[in-house]
Every structure is written in structure tokens, then in C-alpha cells.
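Engineer: My structure is in work26.cif, and what it holds is mmCIF, C-alpha atoms:
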```
data_run
loop_
_atom_site.label_atom_id
_atom_site.label_comp_id
_atom_site.auth_asym_id
_atom_site.auth_seq_id
_atom_site.Cartn_x
_atom_site.Cartn_y
_atom_site.Cartn_z
CA MET A 1 23.59 15.13 -10.62
CA VAL A 2 20.42 15.39 -12.64
CA GLU A 3 19.68 12.19 -14.48
CA ARG A 4 17.24 11.92 -17.33
CA CYS A 5 13.55 11.59 -16.71
CA PHE A 6 11.17 10.07 -19.23
CA VAL A 7 7.40 10.15 -19.26
CA PRO A 8 6.30 7.41 -21.68
CA SER A 9 2.73 7.54 -22.95
CA SER A 10 2.33 3.84 -23.68
CA LEU A 11 3.62 0.55 -22.30
CA ARG A 12 5.39 -0.10 -25.60
CA GLU A 13 7.24 3.22 -25.34
CA ALA A 14 8.08 2.48 -21.70
CA LEU A 15 9.56 -0.90 -22.64
CA GLU A 16 11.71 0.68 -25.33
CA ILE A 17 13.00 3.33 -22.90
CA ARG A 18 13.63 0.63 -20.33
CA LYS A 19 15.61 -1.39 -22.87
CA GLU A 20 17.65 1.52 -24.21
CA TYR A 21 18.37 3.51 -21.03
CA GLY A 22 17.59 1.07 -18.20
CA ALA A 23 15.38 3.81 -16.72
CA HIS A 24 13.86 2.81 -13.38
CA PRO A 25 10.06 2.81 -13.39
CA LEU A 26 8.47 5.25 -10.93
CA ALA A 27 4.86 4.18 -10.34
CA GLY A 28 3.34 5.86 -7.30
CA GLY A 29 6.54 7.49 -6.09
CA SER A 30 5.96 6.67 -2.42
CA ASP A 31 9.19 4.66 -2.11
CA LEU A 32 11.48 6.28 -4.69
CA MET A 33 10.59 9.92 -3.95
CA VAL A 34 11.36 9.33 -0.27
CA GLN A 35 14.47 7.24 -0.80
CA TYR A 36 16.10 9.87 -3.01
CA LYS A 37 14.66 12.99 -1.46
CA ALA A 38 17.03 15.92 -1.39
CA GLY A 39 15.28 18.21 1.06
CA LEU A 40 12.59 20.85 1.42
CA GLY A 41 11.79 22.51 -1.88
CA ILE A 42 14.32 20.44 -3.81
CA THR A 43 13.67 17.89 -6.53
CA PRO A 44 14.80 14.38 -5.51
CA ASP A 45 18.19 13.43 -6.78
CA PHE A 46 18.13 10.10 -8.56
CA PRO A 47 21.41 8.34 -9.33
CA PHE A 48 19.83 6.64 -12.34
CA PRO A 49 17.47 7.59 -15.19
CA VAL A 50 13.80 7.42 -14.20
CA MET A 51 10.59 6.98 -16.16
CA ILE A 52 7.28 8.02 -14.70
CA ILE A 53 4.82 5.26 -15.62
CA THR A 54 1.97 6.38 -13.32
CA LYS A 55 -0.36 7.18 -16.21
CA LEU A 56 -0.02 4.01 -18.28
CA GLU A 57 -3.61 2.78 -18.66
CA GLU A 58 -2.41 -0.64 -19.86
CA LEU A 59 -1.08 -1.29 -16.36
CA LYS A 60 -4.31 -0.51 -14.49
CA GLY A 61 -7.24 -2.65 -13.43
CA ILE A 62 -8.13 -5.76 -11.47
CA SER A 63 -10.05 -8.66 -12.97
CA ARG A 64 -11.20 -12.18 -12.18
CA LYS A 65 -10.58 -14.82 -14.82
CA GLU A 66 -12.80 -17.77 -15.71
CA ASP A 67 -10.58 -20.21 -13.82
CA GLY A 68 -11.05 -18.13 -10.66
CA SER A 69 -7.60 -16.57 -10.70
CA ILE A 70 -7.27 -12.84 -10.11
CA GLU A 71 -5.16 -10.53 -12.21
CA ILE A 72 -3.96 -7.33 -10.61
CA MET A 73 -2.24 -4.92 -12.98
CA ALA A 74 0.96 -3.44 -11.60
CA LEU A 75 -0.31 0.12 -11.12
CA SER A 76 -3.23 -0.94 -8.92
CA THR A 77 -3.19 0.97 -5.64
CA PRO A 78 -3.75 -0.50 -2.17
CA SER A 79 -7.03 1.49 -2.06
CA GLU A 80 -8.25 -0.22 -5.23
CA ILE A 81 -7.08 -3.62 -3.99
CA ALA A 82 -8.74 -3.15 -0.60
CA ALA A 83 -12.01 -2.06 -2.24
CA CYS A 84 -12.10 -4.92 -4.76
CA PRO A 85 -15.08 -7.17 -3.88
CA PHE A 86 -13.40 -10.39 -5.07
CA MET A 87 -9.96 -9.79 -3.56
CA PRO A 88 -8.83 -12.71 -1.36
CA PHE A 89 -8.98 -12.00 2.38
CA HIS A 90 -5.24 -11.97 3.07
CA VAL A 91 -4.40 -9.53 0.28
CA LYS A 92 -7.36 -7.30 1.06
CA SER A 93 -6.38 -7.19 4.74
CA ALA A 94 -2.79 -6.25 3.96
CA ALA A 95 -3.79 -3.59 1.42
CA SER A 96 -6.26 -1.95 3.79
CA ARG A 97 -3.64 -1.60 6.54
CA MET A 98 -0.83 -0.13 4.43
CA GLY A 99 0.37 3.31 5.52
CA ALA A 100 -2.54 5.73 5.70
CA ILE A 101 -5.21 6.82 3.24
CA ALA A 102 -3.10 9.15 1.07
CA LEU A 103 -0.37 6.54 0.68
CA ARG A 104 -2.92 3.86 -0.19
CA ASN A 105 -4.18 6.17 -2.94
CA SER A 106 -0.79 6.55 -4.61
CA ALA A 107 1.40 3.51 -3.83
CA THR A 108 1.17 0.57 -6.24
CA ILE A 109 1.36 -3.20 -5.97
CA GLY A 110 4.09 -3.30 -8.64
CA GLY A 111 6.16 -0.82 -6.67
CA ASN A 112 5.65 -2.65 -3.39
CA ILE A 113 6.93 -5.84 -5.02
CA GLY A 114 9.75 -4.18 -6.95
CA ASN A 115 10.99 -2.40 -3.83
CA ALA A 116 11.28 -5.86 -2.22
CA SER A 117 11.46 -4.65 1.35
CA PRO A 118 11.09 -7.56 3.79
CA LYS A 119 8.63 -5.28 5.61
CA GLY A 120 6.59 -4.62 2.47
CA ASP A 121 2.94 -5.34 3.17
CA LEU A 122 1.73 -6.93 -0.07
CA PRO A 123 4.38 -9.56 -0.90
CA GLN A 124 3.63 -11.46 2.32
CA PRO A 125 0.00 -12.45 1.56
CA LEU A 126 0.79 -12.80 -2.15
CA ILE A 127 3.54 -15.31 -1.41
CA LEU A 128 1.12 -17.18 0.86
CA LEU A 129 -1.25 -17.49 -2.09
CA ASP A 130 1.48 -18.65 -4.52
CA ALA A 131 1.02 -15.49 -6.60
CA LEU A 132 2.83 -15.15 -9.90
CA VAL A 133 4.41 -12.01 -11.26
CA VAL A 134 4.45 -11.18 -14.97
CA LEU A 135 7.59 -9.41 -16.20
CA THR A 136 7.44 -7.75 -19.58
CA SER A 137 10.23 -6.54 -21.83
CA ALA A 138 10.32 -5.27 -25.40
CA ASP A 139 11.26 -8.81 -26.40
CA GLY A 140 8.52 -10.72 -24.61
CA GLU A 141 7.27 -11.67 -21.18
CA ARG A 142 7.86 -14.30 -18.53
CA THR A 143 5.85 -15.39 -15.55
CA VAL A 144 7.56 -16.39 -12.32
CA LEU A 145 6.52 -17.36 -8.82
CA LEU A 146 6.69 -14.22 -6.67
CA ASP A 147 8.46 -16.20 -3.95
CA ASP A 148 11.26 -16.93 -6.46
CA PHE A 149 11.23 -13.42 -7.95
CA ILE A 150 12.03 -11.71 -4.64
CA ARG A 151 15.48 -12.97 -3.74
CA GLY A 152 16.29 -11.04 -0.60
CA SER A 153 16.07 -7.66 1.07
CA LYS A 154 15.65 -5.13 -1.78
CA LYS A 155 16.76 -7.80 -4.28
CA THR A 156 14.66 -9.13 -7.12
CA ASP A 157 15.22 -11.10 -10.26
CA LEU A 158 14.07 -8.16 -12.44
CA ARG A 159 16.20 -7.71 -15.55
CA ASP A 160 17.35 -4.27 -16.68
CA ASP A 161 14.97 -4.35 -19.63
CA GLU A 162 11.90 -5.60 -17.77
CA ILE A 163 8.93 -4.00 -16.05
CA ILE A 164 6.60 -5.68 -13.55
CA THR A 165 3.28 -5.58 -15.38
CA LYS A 166 0.89 -7.95 -13.67
CA ILE A 167 0.33 -10.10 -10.60
CA ILE A 168 -1.73 -13.28 -10.85
CA ILE A 169 -3.29 -14.88 -7.78
CA PRO A 170 -4.32 -18.48 -8.44
CA PRO A 171 -7.67 -19.63 -7.03
CA VAL A 172 -7.42 -20.46 -3.34
CA GLU A 173 -9.65 -22.37 -0.98
CA TYR A 174 -9.45 -22.44 2.78
CA THR A 175 -11.54 -23.36 5.76
CA TYR A 176 -9.86 -20.84 8.09
CA ALA A 177 -7.69 -17.83 7.43
CA TYR A 178 -5.53 -15.55 9.55
CA TYR A 179 -3.82 -12.23 8.92
CA ARG A 180 -1.96 -10.12 11.43
CA LYS A 181 0.20 -7.05 11.00
CA ILE A 182 2.05 -5.81 14.04
CA GLY A 183 3.03 -2.15 13.90
CA THR A 184 3.48 0.61 16.42
CA ARG A 185 0.30 2.43 15.44
CA LYS A 186 -2.98 1.66 13.71
CA ALA A 187 -2.07 3.92 10.79
CA ASN A 188 1.18 4.91 9.12
CA ALA A 189 2.99 1.95 10.63
CA ILE A 190 5.69 -0.06 8.97
CA SER A 191 5.27 -3.74 9.86
CA LYS A 192 7.39 -4.89 12.77
CA LEU A 193 6.19 -8.37 12.07
CA SER A 194 3.38 -9.88 10.06
CA LEU A 195 1.88 -13.28 9.47
CA SER A 196 -0.63 -14.78 7.08
CA ALA A 197 -1.88 -18.32 7.35
CA LEU A 198 -4.60 -20.57 6.01
CA ILE A 199 -5.80 -24.11 6.58
CA LYS A 200 -8.13 -26.24 4.52
CA ILE A 201 -9.94 -29.10 6.18
CA ASP A 202 -11.70 -31.70 4.01
CA ASP A 203 -13.64 -34.45 5.78
CA GLY A 204 -11.53 -34.04 8.89
CA LEU A 205 -8.27 -34.07 6.92
CA VAL A 206 -5.87 -31.13 6.64
CA SER A 207 -5.62 -30.93 2.85
CA ASP A 208 -3.75 -27.62 2.79
CA PHE A 209 -1.82 -25.57 5.29
CA ARG A 210 0.24 -22.49 4.48
CA ALA A 211 1.87 -19.63 6.32
CA ALA A 212 3.95 -16.61 5.35
CA SER A 213 6.04 -14.51 7.71
CA GLY A 214 6.77 -10.86 6.89
CA ALA A 215 9.59 -8.79 8.45
CA ALA A 216 11.07 -11.97 9.92
CA GLY A 217 14.03 -12.35 7.57
CA PRO A 218 15.61 -10.81 4.45
CA LYS A 219 12.47 -11.70 2.51
CA VAL A 220 9.02 -13.08 3.21
CA ILE A 221 9.44 -16.57 4.64
CA ARG A 222 7.29 -19.37 3.34
CA SER A 223 8.55 -22.71 4.59
CA ARG A 224 6.89 -25.39 2.51
CA GLU A 225 8.92 -27.98 4.35
CA SER A 226 7.35 -26.92 7.65
CA GLU A 227 3.89 -26.81 6.10
CA GLU A 228 4.26 -30.44 5.01
CA ILE A 229 4.49 -31.48 8.69
CA LEU A 230 0.80 -30.63 9.16
CA LYS A 231 -0.55 -31.51 5.73
CA GLY A 232 -2.30 -34.79 5.02
CA HIS A 233 -3.09 -35.52 8.67
CA ARG A 234 -6.47 -35.88 10.33
CA ILE A 235 -7.30 -32.92 12.55
CA ASP A 236 -7.33 -35.14 15.64
CA GLU A 237 -3.70 -36.04 14.87
CA ILE A 238 -2.51 -32.44 14.54
CA GLU A 239 -2.03 -31.42 18.17
CA PRO A 240 1.06 -33.58 18.86
CA LEU A 241 2.60 -32.34 15.58
CA ILE A 242 2.39 -28.64 16.54
CA PRO A 243 5.71 -28.48 18.47
CA ALA A 244 7.64 -29.99 15.55
CA PHE A 245 5.92 -27.61 13.14
CA LEU A 246 6.68 -24.57 15.30
CA GLU A 247 10.31 -25.58 15.65
CA SER A 248 10.65 -26.09 11.94
CA TRP A 249 9.10 -22.67 11.24
CA ASN A 250 11.35 -21.09 13.83
CA ASN A 251 14.34 -22.55 12.01
CA ALA A 252 13.08 -21.15 8.71
CA ILE A 253 12.79 -17.51 9.83
CA SER A 254 15.83 -15.35 10.43
CA PRO A 255 14.89 -12.02 12.02
CA HIS A 256 17.96 -9.78 12.24
CA ALA A 257 16.74 -7.34 14.89
CA MET A 258 15.03 -8.19 18.18
CA PRO A 259 15.12 -11.86 17.16
CA GLU A 260 13.72 -13.20 20.47
CA TYR A 261 10.68 -10.96 20.19
CA ARG A 262 10.06 -11.82 16.55
CA ARG A 263 10.60 -15.54 17.08
CA ASN A 264 8.34 -15.72 20.13
CA THR A 265 5.59 -13.65 18.59
CA THR A 266 5.66 -15.62 15.35
CA LYS A 267 5.40 -18.84 17.33
CA ARG A 268 2.50 -17.54 19.40
CA MET A 269 0.60 -16.33 16.34
CA LEU A 270 1.01 -19.67 14.55
CA GLU A 271 0.07 -21.66 17.64
CA HIS A 272 -2.96 -19.44 18.17
CA PHE A 273 -4.15 -19.88 14.58
CA ILE A 274 -3.71 -23.65 14.54
CA THR A 275 -5.33 -24.16 17.93
CA GLU A 276 -8.29 -21.94 17.09
CA ALA A 277 -8.75 -23.64 13.72
CA LEU A 278 -8.72 -27.12 15.26
CA ALA A 279 -11.67 -26.06 17.41
CA MET A 280 -13.58 -25.67 14.12
CA PRO A 281 -15.33 -22.35 14.84
CA GLU A 282 -18.22 -21.09 12.72
CA CYS A 283 -16.52 -18.10 11.14
CA GLU A 284 -13.70 -18.64 8.66
CA ILE A 285 -11.57 -15.66 9.68
CA ILE A 286 -9.59 -16.23 12.86
CA ASP A 287 -8.63 -13.12 14.78
CA MET B 1 5.73 19.64 -20.38
CA THR B 2 3.23 18.52 -17.76
CA GLU B 3 -0.35 19.73 -17.98
CA PHE B 4 -2.89 19.30 -15.22
CA LYS B 5 -5.80 21.12 -13.62
CA LEU B 6 -5.26 22.94 -10.36
CA ASN B 7 -8.29 24.37 -8.59
CA GLY B 8 -10.18 24.30 -11.87
CA LYS B 9 -7.54 26.04 -13.99
CA ILE B 10 -5.15 24.44 -16.47
CA VAL B 11 -1.52 24.55 -15.35
CA ARG B 12 1.35 23.92 -17.72
CA PHE B 13 4.64 23.10 -16.02
CA GLU B 14 7.76 23.23 -18.18
CA GLY B 15 10.33 22.03 -15.64
CA ASN B 16 11.62 18.60 -14.63
CA PRO B 17 8.71 16.12 -14.36
CA LEU B 18 10.33 14.78 -11.18
CA THR B 19 9.73 18.10 -9.41
CA ARG B 20 7.61 17.40 -6.36
CA LEU B 21 3.99 18.48 -6.77
CA ILE B 22 4.21 20.48 -3.53
CA ASP B 23 7.08 22.55 -4.95
CA VAL B 24 5.10 23.38 -8.08
CA ILE B 25 2.14 24.38 -5.92
CA ARG B 26 4.10 26.44 -3.40
CA GLU B 27 7.10 27.76 -5.31
CA ASP B 28 5.94 28.06 -8.91
CA LEU B 29 2.29 28.88 -8.33
CA GLY B 30 2.71 30.68 -5.00
CA LEU B 31 -0.10 28.81 -3.27
CA THR B 32 1.32 28.48 0.22
CA GLY B 33 -1.75 27.04 1.96
CA THR B 34 -0.37 23.55 1.35
CA LYS B 35 2.29 22.94 4.02
CA GLU B 36 5.36 20.77 4.08
CA GLY B 37 5.98 18.89 7.31
CA CYS B 38 7.94 15.66 7.08
CA GLY B 39 8.61 15.59 3.34
CA GLU B 40 8.11 11.80 3.41
CA GLY B 41 4.37 11.37 3.08
CA GLU B 42 3.97 10.53 6.76
CA CYS B 43 2.45 13.66 8.33
CA GLY B 44 -0.29 14.68 5.89
CA ALA B 45 0.36 18.45 6.09
CA CYS B 46 0.86 18.58 2.31
CA SER B 47 -2.37 16.71 1.52
CA VAL B 48 -4.25 17.75 -1.59
CA LEU B 49 -7.03 16.11 -3.55
CA ARG B 50 -6.09 14.32 -6.73
CA ASN B 51 -9.17 13.38 -8.73
CA GLY B 52 -11.10 13.62 -5.46
CA LYS B 53 -8.73 11.33 -3.53
CA LEU B 54 -6.38 12.39 -0.77
CA THR B 55 -2.72 12.51 -1.85
CA THR B 56 0.43 13.72 -0.13
CA SER B 57 1.92 16.23 -2.56
CA CYS B 58 5.45 15.97 -1.14
CA ILE B 59 6.12 12.48 -2.49
CA ILE B 60 4.47 12.65 -5.86
CA PRO B 61 6.32 14.03 -8.87
CA VAL B 62 4.39 16.51 -10.97
CA GLY B 63 4.88 14.24 -13.99
CA ALA B 64 2.69 11.66 -12.25
CA VAL B 65 -0.33 13.98 -12.09
CA ALA B 66 -0.49 14.83 -15.81
CA GLY B 67 -4.13 15.18 -16.79
CA ASP B 68 -5.32 14.99 -13.19
CA GLU B 69 -7.48 17.43 -11.26
CA ILE B 70 -5.70 18.72 -8.20
CA VAL B 71 -7.52 20.71 -5.52
CA THR B 72 -5.65 22.54 -2.77
CA ILE B 73 -7.02 24.37 0.25
CA GLU B 74 -7.15 27.54 -1.88
CA GLY B 75 -9.47 25.80 -4.32
CA LEU B 76 -11.69 24.49 -1.57
CA ARG B 77 -11.97 27.46 0.77
CA ASP B 78 -14.40 29.59 -1.24
CA THR B 79 -16.75 26.74 -2.14
CA GLU B 80 -19.87 26.02 -0.06
CA GLN B 81 -18.28 22.79 1.18
CA GLY B 82 -15.03 24.54 2.02
CA LYS B 83 -16.78 27.37 3.88
CA CYS B 84 -18.81 24.85 5.87
CA LEU B 85 -15.66 22.95 6.88
CA ILE B 86 -13.71 26.09 7.77
CA ASP B 87 -16.61 27.52 9.82
CA ALA B 88 -16.97 24.21 11.65
CA PHE B 89 -13.23 24.10 12.42
CA ALA B 90 -13.49 27.64 13.84
CA GLU B 91 -16.68 26.95 15.78
CA GLY B 92 -15.36 23.66 17.14
CA GLY B 93 -12.03 25.15 18.22
CA ALA B 94 -10.11 22.68 16.08
CA VAL B 95 -7.20 24.98 15.36
CA GLN B 96 -4.25 25.77 17.59
CA CYS B 97 -1.02 26.50 15.72
CA GLY B 98 -2.76 25.77 12.43
CA PHE B 99 0.07 24.14 10.51
CA CYS B 100 -1.70 20.82 10.03
CA ILE B 101 -5.09 22.36 9.36
CA PRO B 102 -5.02 22.72 5.55
CA GLY B 103 -4.15 19.03 5.36
CA MET B 104 -6.82 18.16 7.93
CA VAL B 105 -9.44 20.08 5.96
CA MET B 106 -8.44 18.29 2.75
CA ALA B 107 -8.64 14.92 4.55
CA ALA B 108 -12.08 15.88 5.88
CA GLN B 109 -13.18 16.92 2.40
CA ALA B 110 -11.93 13.60 0.94
CA LEU B 111 -13.95 11.75 3.59
CA LEU B 112 -17.15 13.74 3.08
CA LEU B 113 -16.96 13.32 -0.70
CA GLU B 114 -17.14 9.56 -0.12
CA ASN B 115 -19.32 9.47 2.96
CA SER B 116 -21.48 12.48 3.79
CA ASP B 117 -22.69 11.00 7.08
CA PRO B 118 -19.58 9.69 8.84
CA ASP B 119 -19.41 8.47 12.43
CA GLU B 120 -16.53 9.21 14.78
CA GLU B 121 -14.60 6.10 13.77
CA ASP B 122 -14.88 7.06 10.07
CA VAL B 123 -13.52 10.52 10.88
CA ARG B 124 -10.62 9.17 12.93
CA MET B 125 -9.77 6.78 10.09
CA ALA B 126 -10.00 9.61 7.53
CA ILE B 127 -7.47 11.76 9.38
CA SER B 128 -5.27 8.84 10.45
CA GLY B 129 -2.52 9.98 8.08
CA ASN B 130 -2.59 13.59 9.33
CA ILE B 131 -0.46 14.43 12.31
CA CYS B 132 -1.32 17.29 14.68
CA ARG B 133 1.08 18.04 17.52
CA CYS B 134 -1.14 20.58 19.33
CA THR B 135 -4.71 19.51 19.73
CA GLY B 136 -4.84 15.84 20.63
CA TYR B 137 -7.27 15.46 17.70
CA ASP B 138 -10.54 15.40 19.65
CA LEU B 139 -11.61 18.91 18.68
CA ILE B 140 -10.67 18.27 15.06
CA VAL B 141 -12.79 15.11 15.03
CA ASP B 142 -15.70 16.98 16.67
CA SER B 143 -15.40 19.79 14.12
CA ILE B 144 -15.50 17.43 11.15
CA LEU B 145 -18.59 15.76 12.60
CA LEU B 146 -20.07 19.24 13.11
CA ALA B 147 -19.38 20.11 9.47
CA ALA B 148 -21.08 16.92 8.33
CA LYS B 149 -24.11 17.77 10.47
CA LYS B 150 -24.39 21.45 9.58
CA GLY B 151 -23.59 20.87 5.93
CA LYS B 152 -26.16 18.17 5.31
CA GLY B 153 -26.93 18.11 1.61
CA LEU B 154 -23.71 19.89 0.64
CA TRP B 155 -21.84 16.65 -0.06
#
```
Since I need it in another form, could you write the structure as C-alpha cells?
Structural biologist:
Amino acid sequence: MVERCFVPSSLREALEIRKEYGAHPLAGGSDLMVQYKAGLGITPDFPFPVMIITKLEELKGISRKEDGSIEIMALSTPSEIAACPFMPFHVKSAASRMGAIALRNSATIGGNIGNASPKGDLPQPLILLDALVVLTSADGERTVLLDDFIRGSKKTDLRDDEIITKIIIPPVEYTYAYYRKIGTRKANAISKLSLSALIKIDDGLVSDFRAASGAAGPKVIRSRESEEILKGHRIDEIEPLIPAFLESWNNAISPHAMPEYRRNTTKRMLEHFITEALAMPECEIID
Amino acid sequence: MTEFKLNGKIVRFEGNPLTRLIDVIREDLGLTGTKEGCGEGECGACSVLRNGKLTTSCIIPVGAVAGDEIVTIEGLRDTEQGKCLIDAFAEGGAVQCGFCIPGMVMAAQALLLENSDPDEEDVRMAISGNICRCTGYDLIVDSILLAAKKGKGLW
């Protein structure tokens, strides 16, 4: 069945089409064109109306605001995100390891979020950084925490009349940071497991600790409850707290396939990061 | 209607904007140098340049390239840069069955447009999305490095 396809020339037009027909936005195409592919030489068969929003200039660009937050418009590609000089480490790392070069030139951050795959590369570091997503409709806009917006595997809180227009990363400070994506190859790999973490140490006190696990459950796991176990303590008090933290994190994740592998590896990565950070090395990125 | 530039000429496509770019290139325009391998953007055989950047033409709808400049292997092969790359691939013995080669050449061109003096690691990264099942890649990497060396000043 051939459904309608729209090619709006402005965001306003796109929002009207979205409201009237519920057309699904196609940004880079790298998820949708594959998901609904019909075969060699055949146009993909979409079960819903589609609008190609790739060319909407209003949804392009990355900027840093006066308060230090970073605004990434929804059509920004992983290549642009990876090349951005003021992009936070975790997001830059994830963007630069997505797929391979051609994919990084056409996929978009809005699409990666909207697709809401638990293996998606960008939501994981964005959730670590408490990123917000701006959803726009013909009637207005709302801003929600990305961690709340993604509800489960392939499930988001996006309304039928809304489009993801912008991602906002609040300012972040850390003493040490960690990012790891585990895939079968260096390029073109879908994450088997991923982890982002950061720790901030002020005068010997852990003032912030965060982690985010990708591909370890139906959505990215951020256990604030577990994080609290380590926060507010002096670094010389942390070591005996590590087992309780790791157990709490292990209870928060829920990998559906190869759970022993994913649980063990997650534990080892977290333990590695915390232990290395407590040694207070010179460089802020922990490998 | 979708209008874009292909190898320097304006193309006007009247069909469904969701038609895959590769189908417009191969079926409607008859340019069969661009190959289809996996059809999922994973193998790189269908790579073309879109505004100078590498893109897999099998997963992008033609409606998404409106106003863009697309270059395929046919648009590259008669240019000085294209001739240099093709000669280097021949001299370096980079080609066995040849199916991946148009995509490899486009990936090499995308690299050299950004970095005219790449090292081996840069080259391996540049072709990391292009799969070759014959060569084991080494001769392709050597040939791209050879092109960069022989074509100094071309990029």
C-alpha cells in the first residue's frame, strides 16, 4: 500500500501536516528506510503517511548558550555533533562511534531519540547529562527530561501532533569521565552494551556521580537511587561502598539477552571507572 | 517534484519522493556504476557524495536530497582526481571482483577532499563503512595512499 508522502518546506508547514495527517517525520532515513525496506529496486513500503523533513533549516545547528547549556537542533548529524568543539565528552564519543562515516553523515539526533532503541547510541550519554528534549506542535511546545520522554524499547511520549525539534544539554562539570561502547567491530557495530559515567570530586568529597547503561534493558538505565549511594561521601570512604553500589546498579538493569555477560561486564566497567577515579589520575578521561 | 544536481547536471524527478536515491540513479538515470549490496546502509557499495560527504544512496529517499549536489562514480571518473584514484587502484592491484570498488573510490574521494595527506589509519577509518569480500583491504588501503602521494596538489 502506498501511503502519502509530504515534503514540507518549513517547520510551520511540517507541524500542520503532522497535526492533520499524523505523518511520521523522516529525518535522515537511516532507521525508517531500513525498517520498511521492500527489496532491491523497490521503494520502501510505509504503513503510515511520511513527511521528509531533512531539509528544514529551522531544525539545523548546534549552539552554546550563555548559561553554558548546549542546544542541538534535531536534524544535527552524528558527524556534526562529533566535530563540534564544545560538545561534551560523552556525547562526542558516542556520536563519533555511531555506524560508519556515511551513516554519521545522514542519521540525526532527533531520529536516534525518536526511534528509541535501547541500543541507540546517543540517548545513553544524553540521559547521563540530564538532557532535555523540546517537542513542538502547531499549538505550542513542551520541554521534558529525555529520561522521561523515552519510556521503553521503541516507545516514547511523543504525541501524534508533535515533532522533536531540539535537545538541550545542561552545563555539566566532572573531575573524571568514562565512555565505553562494546560492539563486535570498530565500525558499523550496533552496541552490545555501553556505559557512560562521570564523577565530580570537590575538596575530597564526591559531589556528583552519575552513570548510564545502554543496551542493558528496554531503555537506557540511569539509577539515581544507586548514584546516591556514592554521592556526598569523602573519597576515602568510597571503597567500602562500592559493593553496595554495584549491587544496586545490577538490580536496576534488566538485560534480556545474555544477561550474565551484560551484568558482569557492566559491573566490571563501573568498578574499573570508580577505582581508577579514586586513584586521582592526572587526565580527566578514564579509559 | 524533486530537483537536485547529479554529476553537475540538474535532475528533476517526478516520482514518489520516498524512492531510494540509488533507484533514481540506477533505474531512472541508467548510471549503473553505483552498486547495491546490502540495501541497509551497512556495506557501502552504494556510496555517493552528497555535498562532498559520503552517503549510502540505498537508505536515503530522493526527497531528502532536494537541492543537493550528488556525485557518483560516473561524475568522478573523468576528473583529474578521479583518474588519479582509478589509476592508483589499478597500479596497486586493489581490485578483484570489483563490486565494492565504486563505493571504495567514493569513500577515498570523500577522505581526500577533507584530508589530502592521510596516513594509513585515516584511510582505514575512511573505508570502515565499505565492505570488500575479496581483497582483505590491504591493497585498497595501499592504493588510496598511493593516490594521495601521486596526486599531491590535486585535492
Engineer: Got a sec to resolve the PyMOL selection byres ((chain A) within 7 of (chain B)) on this structure and send the residues as a list in words?
Structural biologist: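 Going through the file, the PyMOL selection byres ((chain A) within 7 of (chain B)) ends up selecting Gly29, Ser30, Met33, Val34, Leu40, Gly41, Thr43, Ile52, Thr54, Lys55, Ala100, Ile101, Ala102, Leu103, Asn105, Ser106, Ala187 and Asn188 of chain A.
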Engineer: Given the point (-11.5, -31.7, 3.2) in the file's coordinates, find the residues that have an atom at most 12 Å from it, counting only C-alpha atoms, and give them as a list in words.
Structural biologist: Glu173, Tyr174, Thr175, Ile199, Lys200, Ile201, Asp202, Asp203, Gly204, Leu205, Val206, Ser207, Asp208, Phe209, Lys231, Gly232, His233, Arg234 and Ile235 of chain A
Engineer: Quick one, how far is CA of Ser116 in chain B from CA of Cys97 in chain B?
Structural biologist: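 CA of Cys97 in chain B lies 27.5 Å from CA of Ser116 in chain B.
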Engineer: Do you know which residues the PyMOL selection byres ((chain A and resi 123-128) around 6) returns on this file, as a list in words?
Structural biologist: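 The output of the PyMOL selection byres ((chain A and resi 123-128) around 6) on this file is His90, Val91, Leu122, Leu129, Asp130, Ala131, Asp147, Ala212, Gly214 and Val220 of chain A.
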Engineer: Find the distance between CA of Tyr36 in chain A and CA of Ala257 in chain A and write it in Å to one decimal.
Structural biologist: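 These atoms are spaced 24.8 Å apart.
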Engineer: Write out as a list of chain:residue names which residues come within 7 Å of range 84-93 of chain B when counting all atoms listed in the file, dropping same-chain ones fewer than 6 positions away.
Structural biologist: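 In the requested format, the answer is B:Val105, B:Leu139, B:Ile140, B:Asp142, B:Ser143, B:Ile144, B:Leu146, B:Ala147, B:Gly151.
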Engineer: Kindly give the distance, in Å, that separates CA of Gly68 in chain A and CA of Pro85 in chain A, rounded to a single decimal.
Structural biologist: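 Distance between the two atoms: 13.5 Å.
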Engineer: Can you list, as a count of residues only, every protein, DNA or RNA residue that comes within 10 Å of Thr266 in chain A when you count all atoms listed in the file, leaving out same-chain residues fewer than 3 positions away?
Structural biologist: 18
Engineer: Given the file above and the PyMOL selection byres ((chain A and resi 9) around 12), which residues are selected, and can you give them as a list in words?
Structural biologist: Phe6, Val7, Pro8, Ser10, Leu11, Arg12, Glu13, Ala14, Leu15, Glu16, Ile17, Met51, Ile52, Ile53, Thr54, Lys55, Leu56, Glu57, Glu58 and Leu59 of chain A; Gly63, Ala64, Ala66 and Gly67 of chain B
Engineer: With C-alpha atoms retained, write the just-selected residues as a PDB file, in the coordinates of the input.
Structural biologist:
```
ATOM      1  CA  PHE A   6      11.170  10.070 -19.230  1.00  0.00           C
ATOM      2  CA  VAL A   7       7.400  10.150 -19.260  1.00  0.00           C
ATOM      3  CA  PRO A   8       6.300   7.410 -21.680  1.00  0.00           C
ATOM      4  CA  SER A  10       2.330   3.840 -23.680  1.00  0.00           C
ATOM      5  CA  LEU A  11       3.620   0.550 -22.300  1.00  0.00           C
ATOM      6  CA  ARG A  12       5.390  -0.100 -25.600  1.00  0.00           C
ATOM      7  CA  GLU A  13       7.240   3.220 -25.340  1.00  0.00           C
ATOM      8  CA  ALA A  14       8.080   2.480 -21.700  1.00  0.00           C
ATOM      9  CA  LEU A  15       9.560  -0.900 -22.640  1.00  0.00           C
ATOM     10  CA  GLU A  16      11.710   0.680 -25.330  1.00  0.00           C
ATOM     11  CA  ILE A  17      13.000   3.330 -22.900  1.00  0.00           C
ATOM     12  CA  MET A  51      10.590   6.980 -16.160  1.00  0.00           C
ATOM     13  CA  ILE A  52       7.280   8.020 -14.700  1.00  0.00           C
ATOM     14  CA  ILE A  53       4.820   5.260 -15.620  1.00  0.00           C
ATOM     15  CA  THR A  54       1.970   6.380 -13.320  1.00  0.00           C
ATOM     16  CA  LYS A  55      -0.360   7.180 -16.210  1.00  0.00           C
ATOM     17  CA  LEU A  56      -0.020   4.010 -18.280  1.00  0.00           C
ATOM     18  CA  GLU A  57      -3.610   2.780 -18.660  1.00  0.00           C
ATOM     19  CA  GLU A  58      -2.410  -0.640 -19.860  1.00  0.00           C
ATOM     20  CA  LEU A  59      -1.080  -1.290 -16.360  1.00  0.00           C
TER      21      LEU A  59
ATOM     22  CA  GLY B  63       4.880  14.240 -13.990  1.00  0.00           C
ATOM     23  CA  ALA B  64       2.690  11.660 -12.250  1.00  0.00           C
ATOM     24  CA  ALA B  66      -0.490  14.830 -15.810  1.00  0.00           C
ATOM     25  CA  GLY B  67      -4.130  15.180 -16.790  1.00  0.00           C
TER      26      GLY B  67
END
```
Engineer: Find the spatial neighbours of Phe86 in chain A, counting all atoms listed in the file, within a cut-off of 10 Å - ignore same-chain residues fewer than 4 positions away - and output them as a list in words.
Structural biologist: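 What passes the distance filter is Ile62, Ser63, Arg64, Gly68, Ile70, Ile81, Ala82 and Lys92 of chain A.
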